[in-house]
file upload.cif (mmCIF, C-alpha atoms and all ligand atoms)
data_protein
#
loop_
_atom_site.label_atom_id
_atom_site.label_comp_id
_atom_site.auth_asym_id
_atom_site.auth_seq_id
_atom_site.Cartn_x
_atom_site.Cartn_y
_atom_site.Cartn_z
CA MET A 1 -108.20 12.74 57.01
CA PHE A 2 -106.16 14.21 54.11
CA PRO A 3 -105.29 17.88 53.49
CA GLN A 4 -108.01 19.59 51.46
CA HIS A 5 -105.89 22.28 49.79
CA PRO A 6 -104.68 21.86 46.18
CA GLY A 7 -101.48 19.85 45.68
CA PRO A 8 -99.18 18.29 43.07
CA ILE A 9 -100.03 15.38 40.80
CA GLY A 10 -98.70 12.21 42.43
CA ILE A 11 -96.87 9.77 40.16
CA PHE A 12 -96.16 6.35 41.63
CA ASP A 13 -94.06 3.41 40.49
CA SER A 14 -92.27 0.50 42.15
CA GLY A 15 -88.99 2.14 41.11
CA TYR A 16 -87.48 4.08 38.24
CA GLY A 17 -89.88 2.99 35.48
CA GLY A 18 -92.49 5.62 36.26
CA LEU A 19 -89.91 8.26 35.30
CA THR A 20 -90.61 7.32 31.67
CA ILE A 21 -94.25 8.32 32.24
CA LEU A 22 -93.44 11.40 34.32
CA GLU A 23 -91.11 12.65 31.57
CA LYS A 24 -93.84 12.56 28.93
CA ILE A 25 -96.49 14.03 31.24
CA ARG A 26 -94.22 16.92 32.18
CA ALA A 27 -93.28 17.53 28.56
CA LEU A 28 -96.96 17.89 27.69
CA MET A 29 -98.04 19.74 30.85
CA PRO A 30 -95.01 21.50 32.32
CA GLY A 31 -97.04 24.01 34.32
CA TYR A 32 -98.34 21.65 37.01
CA ASP A 33 -96.50 20.52 40.13
CA TYR A 34 -95.52 16.86 40.39
CA LEU A 35 -94.51 14.56 43.22
CA TYR A 36 -92.83 11.34 42.10
CA LEU A 37 -92.64 8.36 44.44
CA GLY A 38 -90.52 5.29 43.64
CA ASP A 39 -90.74 2.37 46.04
CA ASN A 40 -87.21 1.35 45.00
CA ALA A 41 -86.51 -0.40 48.30
CA ARG A 42 -89.21 -2.98 47.50
CA ALA A 43 -88.89 -3.16 43.68
CA PRO A 44 -89.48 -5.23 41.66
CA TYR A 45 -93.20 -5.71 42.21
CA GLY A 46 -93.49 -8.02 39.18
CA PRO A 47 -93.05 -11.37 40.96
CA ARG A 48 -95.11 -10.39 44.03
CA SER A 49 -98.60 -11.67 44.84
CA PHE A 50 -101.81 -9.68 44.36
CA GLU A 51 -102.10 -9.18 48.10
CA VAL A 52 -98.58 -7.74 48.45
CA VAL A 53 -98.74 -5.49 45.37
CA TYR A 54 -102.09 -4.17 46.60
CA ARG A 55 -100.74 -3.52 50.12
CA PHE A 56 -97.60 -1.72 48.88
CA THR A 57 -99.52 0.34 46.32
CA ARG A 58 -102.16 1.30 48.86
CA GLN A 59 -99.45 2.51 51.25
CA ALA A 60 -97.88 4.60 48.49
CA VAL A 61 -101.17 6.16 47.39
CA GLU A 62 -102.13 6.95 50.97
CA ARG A 63 -98.74 8.62 51.52
CA LEU A 64 -99.17 10.76 48.40
CA PHE A 65 -102.69 11.77 49.47
CA ARG A 66 -101.43 12.64 52.96
CA SER A 67 -98.82 14.91 51.43
CA GLY A 68 -101.47 16.88 49.54
CA CYS A 69 -101.92 15.10 46.18
CA GLN A 70 -105.53 15.04 45.04
CA LEU A 71 -104.80 12.93 41.97
CA VAL A 72 -102.38 9.99 41.76
CA ILE A 73 -101.25 8.19 38.60
CA LEU A 74 -100.13 4.59 39.06
CA ALA A 75 -97.27 4.81 36.56
CA CYS A 76 -96.78 1.09 36.98
CA ASN A 77 -98.56 -1.64 35.06
CA THR A 78 -98.14 -4.21 37.80
CA ALA A 79 -99.84 -1.91 40.32
CA SER A 80 -102.46 -0.90 37.73
CA ALA A 81 -103.18 -4.58 37.03
CA LYS A 82 -103.24 -5.78 40.61
CA ALA A 83 -104.25 -2.89 42.83
CA LEU A 84 -106.01 -0.11 40.89
CA ARG A 85 -109.51 -1.55 40.90
CA THR A 86 -109.52 -2.37 44.62
CA ILE A 87 -108.16 1.05 45.52
CA GLN A 88 -110.77 2.77 43.33
CA GLN A 89 -113.68 0.66 44.53
CA LYS A 90 -112.83 -0.01 48.17
CA ASP A 91 -110.28 2.45 49.50
CA LEU A 92 -111.22 5.72 47.81
CA PRO A 93 -114.83 5.74 49.01
CA ALA A 94 -113.58 5.07 52.55
CA TRP A 95 -110.74 7.62 52.42
CA ASP A 96 -112.14 10.49 50.38
CA ALA A 97 -114.36 9.93 47.36
CA SER A 98 -113.31 13.22 45.76
CA ARG A 99 -109.71 12.03 45.16
CA ARG A 100 -108.69 10.15 42.05
CA VAL A 101 -106.31 7.32 41.21
CA LEU A 102 -105.72 6.48 37.53
CA GLY A 103 -103.72 3.69 35.89
CA VAL A 104 -101.73 3.20 32.70
CA ILE A 105 -103.35 0.16 31.07
CA ARG A 106 -106.54 1.69 29.66
CA PRO A 107 -104.85 4.66 27.91
CA THR A 108 -102.42 2.24 26.23
CA VAL A 109 -105.04 -0.26 25.12
CA GLU A 110 -107.20 2.45 23.53
CA GLU A 111 -104.52 3.08 20.90
CA ILE A 112 -103.77 -0.38 19.57
CA ASP A 113 -106.57 -0.90 17.06
CA ARG A 114 -105.47 2.25 15.27
CA ILE A 115 -101.86 1.06 15.13
CA SER A 116 -102.06 -2.66 14.36
CA ARG A 117 -102.81 -3.79 10.81
CA THR A 118 -102.55 -7.54 11.32
CA LYS A 119 -104.58 -7.27 14.55
CA HIS A 120 -101.97 -9.50 16.20
CA VAL A 121 -100.47 -7.68 19.13
CA GLY A 122 -97.58 -8.71 21.39
CA LEU A 123 -97.32 -7.71 25.01
CA VAL A 124 -94.21 -7.76 27.18
CA GLY A 125 -94.55 -7.11 30.89
CA THR A 126 -93.76 -8.36 34.37
CA GLU A 127 -94.90 -11.79 35.51
CA GLY A 128 -97.59 -10.03 37.55
CA THR A 129 -98.97 -8.03 34.65
CA ILE A 130 -98.95 -10.95 32.21
CA SER A 131 -100.46 -13.48 34.65
CA SER A 132 -103.16 -11.01 35.78
CA GLY A 133 -104.60 -11.11 32.24
CA SER A 134 -105.55 -7.43 32.64
CA TYR A 135 -104.36 -6.35 29.19
CA THR A 136 -106.09 -9.22 27.43
CA LEU A 137 -109.31 -8.46 29.30
CA GLU A 138 -109.21 -4.75 28.49
CA ILE A 139 -108.29 -5.39 24.85
CA LYS A 140 -110.99 -8.01 24.39
CA LYS A 141 -113.58 -5.66 25.90
CA MET A 142 -112.67 -2.87 23.51
CA TYR A 143 -111.42 -4.77 20.45
CA PRO A 144 -112.61 -8.39 20.46
CA HIS A 145 -111.05 -8.97 17.01
CA ILE A 146 -107.50 -8.42 18.29
CA THR A 147 -105.30 -11.37 19.25
CA VAL A 148 -102.96 -10.68 22.17
CA THR A 149 -99.88 -12.76 22.96
CA GLY A 150 -98.00 -12.07 26.17
CA GLU A 151 -94.46 -12.74 27.31
CA ALA A 152 -93.31 -12.19 30.90
CA CYS A 153 -89.77 -10.76 31.11
CA PRO A 154 -88.79 -11.11 34.77
CA MET A 155 -85.19 -9.96 34.27
CA TRP A 156 -85.94 -6.72 32.47
CA THR A 157 -87.00 -4.63 35.48
CA PRO A 158 -84.00 -5.69 37.60
CA LEU A 159 -81.71 -4.72 34.70
CA VAL A 160 -83.19 -1.22 34.73
CA GLU A 161 -83.31 -0.92 38.54
CA ASN A 162 -79.62 -1.84 38.66
CA ASN A 163 -78.68 0.63 35.93
CA GLU A 164 -77.70 -2.19 33.53
CA ALA A 165 -80.16 -1.31 30.77
CA THR A 166 -77.45 -0.31 28.32
CA SER A 167 -74.87 -2.94 29.34
CA PRO A 168 -73.92 -5.81 27.01
CA GLY A 169 -75.38 -8.23 29.59
CA ALA A 170 -78.87 -6.87 28.90
CA ASP A 171 -78.73 -8.08 25.26
CA TYR A 172 -79.08 -11.73 26.22
CA PHE A 173 -82.31 -11.25 28.15
CA VAL A 174 -83.85 -8.87 25.64
CA LYS A 175 -83.10 -11.19 22.73
CA GLN A 176 -84.36 -14.25 24.60
CA HIS A 177 -87.83 -12.84 25.30
CA ILE A 178 -88.32 -11.20 21.91
CA ARG A 179 -87.47 -14.52 20.27
CA ARG A 180 -89.89 -16.41 22.52
CA LEU A 181 -92.70 -13.96 21.89
CA LEU A 182 -92.35 -14.07 18.12
CA ALA A 183 -92.17 -17.87 18.20
CA LYS A 184 -95.62 -17.87 19.82
CA ASP A 185 -97.12 -15.62 17.11
CA ASP A 186 -95.21 -14.56 14.02
CA ARG A 187 -98.02 -12.27 12.79
CA ILE A 188 -97.43 -9.71 15.54
CA ASP A 189 -96.97 -6.22 14.05
CA THR A 190 -97.36 -4.20 17.25
CA LEU A 191 -95.51 -4.65 20.52
CA ILE A 192 -96.85 -3.10 23.72
CA LEU A 193 -94.18 -2.33 26.31
CA GLY A 194 -96.52 -3.16 29.20
CA CYS A 195 -94.06 -2.14 31.89
CA THR A 196 -92.95 1.41 32.50
CA HIS A 197 -89.36 0.28 33.03
CA TYR A 198 -89.06 -1.12 29.51
CA PRO A 199 -88.69 2.14 27.53
CA LEU A 200 -85.28 2.38 29.18
CA LEU A 201 -84.40 -0.81 27.25
CA LEU A 202 -85.85 0.55 24.01
CA PRO A 203 -82.62 0.71 21.96
CA LYS A 204 -81.94 -2.96 22.71
CA ILE A 205 -85.55 -3.96 22.09
CA LYS A 206 -85.55 -2.24 18.69
CA GLU A 207 -82.22 -3.81 17.76
CA ASN A 208 -83.68 -7.25 18.31
CA LEU A 209 -87.05 -6.78 16.61
CA PRO A 210 -87.63 -7.50 12.93
CA SER A 211 -88.42 -4.32 11.00
CA GLY A 212 -92.09 -3.56 10.52
CA ILE A 213 -93.06 -4.09 14.15
CA THR A 214 -94.29 -0.93 15.86
CA VAL A 215 -93.26 -0.55 19.49
CA ILE A 216 -95.72 1.13 21.82
CA SER A 217 -94.19 2.93 24.80
CA GLN A 218 -96.91 4.15 27.08
CA GLY A 219 -95.66 7.58 28.15
CA GLU A 220 -97.15 9.68 25.37
CA TYR A 221 -100.51 7.92 25.47
CA VAL A 222 -100.77 8.21 29.23
CA ALA A 223 -99.82 11.89 29.04
CA LYS A 224 -102.44 12.65 26.35
CA SER A 225 -105.06 10.70 28.23
CA LEU A 226 -104.32 12.64 31.43
CA GLU A 227 -104.52 15.95 29.60
CA ASN A 228 -107.88 14.92 28.22
CA TYR A 229 -109.04 13.73 31.65
CA LEU A 230 -108.15 17.07 33.26
CA PHE A 231 -109.97 18.90 30.48
CA ARG A 232 -113.09 16.81 31.11
CA HIS A 233 -112.80 17.15 34.90
CA PRO A 234 -112.23 20.81 35.81
CA GLU A 235 -113.22 20.03 39.40
CA ILE A 236 -110.07 17.86 39.69
CA GLU A 237 -107.89 20.16 37.59
CA ARG A 238 -108.64 23.05 39.95
CA LYS A 239 -107.13 21.04 42.80
CA ILE A 240 -103.66 20.83 41.20
CA THR A 241 -101.05 23.46 42.02
CA ARG A 242 -99.21 25.15 39.17
CA ASN A 243 -95.65 26.24 39.80
CA GLY A 244 -93.92 23.90 37.37
CA THR A 245 -92.05 22.01 40.12
CA CYS A 246 -91.22 18.33 40.55
CA ARG A 247 -90.11 16.59 43.74
CA PHE A 248 -88.74 13.07 43.89
CA TRP A 249 -89.31 10.67 46.76
CA THR A 250 -87.80 7.22 47.09
CA THR A 251 -87.94 4.51 49.73
CA GLU A 252 -84.27 3.66 48.95
CA SER A 253 -81.21 5.82 49.60
CA ALA A 254 -81.60 9.34 48.27
CA GLU A 255 -78.10 9.24 46.82
CA LYS A 256 -78.69 6.03 44.87
CA PHE A 257 -82.00 7.31 43.52
CA SER A 258 -80.61 10.70 42.54
CA GLY A 259 -77.74 9.09 40.63
CA SER A 260 -79.89 6.72 38.59
CA ALA A 261 -82.78 9.14 38.05
CA THR A 262 -80.31 11.71 36.74
CA VAL A 263 -79.02 9.16 34.21
CA PHE A 264 -82.54 8.22 33.09
CA LEU A 265 -83.95 11.75 32.88
CA HIS A 266 -80.80 13.47 31.57
CA TYR A 267 -81.12 16.34 34.05
CA PRO A 268 -80.00 16.62 37.67
CA VAL A 269 -82.45 15.05 40.10
CA GLN A 270 -82.31 15.33 43.87
CA GLY A 271 -84.23 12.53 45.55
CA GLU A 272 -85.46 12.46 49.15
CA ARG A 273 -85.78 9.28 51.15
CA ILE A 274 -89.13 8.64 52.78
CA SER A 275 -90.77 5.72 54.49
CA ILE A 276 -94.23 4.51 53.50
CA ASP A 277 -94.81 1.39 55.60
N1 LIG A 301 -92.63 -0.47 36.24
C1 LIG A 301 -93.56 -1.39 36.73
C2 LIG A 301 -94.56 -1.86 35.71
O1 LIG A 301 -94.90 -1.08 34.85
C3 LIG A 301 -93.12 -2.40 37.73
C4 LIG A 301 -91.99 -3.29 37.44
C5 LIG A 301 -91.67 -4.12 38.66
O2 LIG A 301 -91.56 -3.53 39.74
O3 LIG A 301 -91.54 -5.35 38.56
O4 LIG A 301 -95.03 -2.97 35.75
#
call {"tool": "encode", "arguments": {"input": "upload.cif", "output": "structure tokens"}}
result
Amino acid sequence: MFPQHPGPIGIFDSGYGGLTILEKIRALMPGYDYLYLGDNARAPYGPRSFEVVYRFTRQAVERLFRSGCQLVILACNTASAKALRTIQQKDLPAWDASRRVLGVIRPTVEEIDRISRTKHVGLVGTEGTISSGSYTLEIKKMYPHITVTGEACPMWTPLVENNEATSPGADYFVKQHIRRLLAKDDRIDTLILGCTHYPLLLPKIKENLPSGITVISQGEYVAKSLENYLFRHPEIERKITRNGTCRFWTTESAEKFSGSATVFLHYPVQGERISID
């Protein structure tokens, strides 16, 4: 059904947020080939139902497999929370059990016990990620002594998707949610950015946080975890091509994507428009 030859690592997100993960993965492992897919035309995924996030994510993963990827990273918490398990358990065995799809929640959660002293952790994410309870479940499984308090920030992804992350208008929404989160638990000393779009708001988030709170952006942890995974799974690593290239696909206009991705990545990006539904 899918090509059997080696291919790039597929990196998928609803939009631009996954670029924050791609950037860190490429910095750590520049030799591999990468294929980034942003479903910008249908972002944000945050407010969408389980059924819809699963359907969209499945289409994206299938498209990346068809184009030769053997391994796909869901660089999106909403997709990791709502679609990863079903894709791993139901779709992969039916498609091709030798392919892999990995998410971003587990690698992030693994780090928090080491970082938090008060064992009170805050989580910001999309409505979908927060209401799925996926982080709390994973954290409780690994570290039952940690208290997790979540805050959904529905405006944050649209601010990033619309290239408003550094505008004065973004301040209001950043401040509002940080204040609400800390009002729920004032012992929080660690804040997980549980949405790959949020590192693009990092300067504003830091400005509004009291000192002494450590902010966890996922990129570095996901990158390290992937490096470790490839080391432990040479049979997958062998199926990745190594020319140091990166292609960018978007479901929106190529021009729009190229402009914004260039701003976020600080190097020229040429996107290509594709259709996945
Ligand atoms: N960047 C994604 C995440 O990590 C999705 C944001 C959205 O599309 O709402 O959750």
call {"tool": "residues_around", "arguments": {"input": "upload.cif", "residues": "Arg99 (chain A)", "least_positions_apart": "3", "cutoff": "12 Å", "atoms": "only C-alpha atoms", "output": "number ranges by chain"}}
result
A: 1-7, 9-10, 61-62, 64-66, 68-73, 87-88, 91-96, 102, 233, 235-237, 239-240
call {"tool": "atom_distance", "arguments": {"input": "upload.cif", "atom1": "CA of Pro154 (chain A)", "atom2": "CA of Asp185 (chain A)"}}
result
20.0 Å
call {"tool": "closest_residue", "arguments": {"input": "upload.cif", "among": "A:Val104, A:Ala41, A:Val222, A:Val215", "to": "Val124 (chain A)", "atoms": "all atoms listed in the file"}}
result
A:Val215
call {"tool": "closest_residue", "arguments": {"input": "upload.cif", "among": "A:Ala79, A:Leu37, A:Leu200, A:Thr250", "to": "Phe56 (chain A)", "atoms": "only C-alpha atoms"}}
result
A:Ala79
call {"tool": "residues_around", "arguments": {"input": "upload.cif", "residues": "Ile216 (chain A)", "least_positions_apart": "6", "cutoff": "6 Å", "atoms": "all atoms listed in the file", "output": "number ranges by chain"}}
result
A: 191-193
call {"tool": "write_last_selection", "arguments": {"input": "upload.cif", "atoms": "C-alpha atoms", "output": "PDB file, in the coordinates of the input"}}
result
ATOM      1  CA  LEU A 191     -95.510  -4.650  20.520  1.00  0.00           C
ATOM      2  CA  ILE A 192     -96.850  -3.100  23.720  1.00  0.00           C
ATOM      3  CA  LEU A 193     -94.180  -2.330  26.310  1.00  0.00           C
TER       4      LEU A 193
END
call {"tool": "residues_near_ligand", "arguments": {"input": "upload.cif", "ligand": "ligand LIG 301 (chain A)", "cutoff": "8 Å", "atoms": "all atoms listed in the file", "output": "JSON, numbers by chain"}}
result
{"A": [13, 14, 15, 16, 17, 18, 43, 44, 45, 46, 47, 75, 76, 77, 78, 79, 80, 125, 126, 127, 128, 129, 154, 157, 158, 194, 195, 196, 197, 198]}
call {"tool": "residues_around", "arguments": {"input": "upload.cif", "residues": "Leu265 (chain A)", "least_positions_apart": "2", "cutoff": "12 Å", "atoms": "all atoms listed in the file", "output": "list in words"}}
result
Tyr16, Gly17, Gly18, Leu19, Thr20, Ile21, Leu22, Glu23, Lys24, Arg26, Ala27, Pro199, Leu200, Phe257, Ser258, Gly259, Ser260, Ala261, Thr262, Val263, Tyr267, Pro268, Val269 and Gln270 of chain A
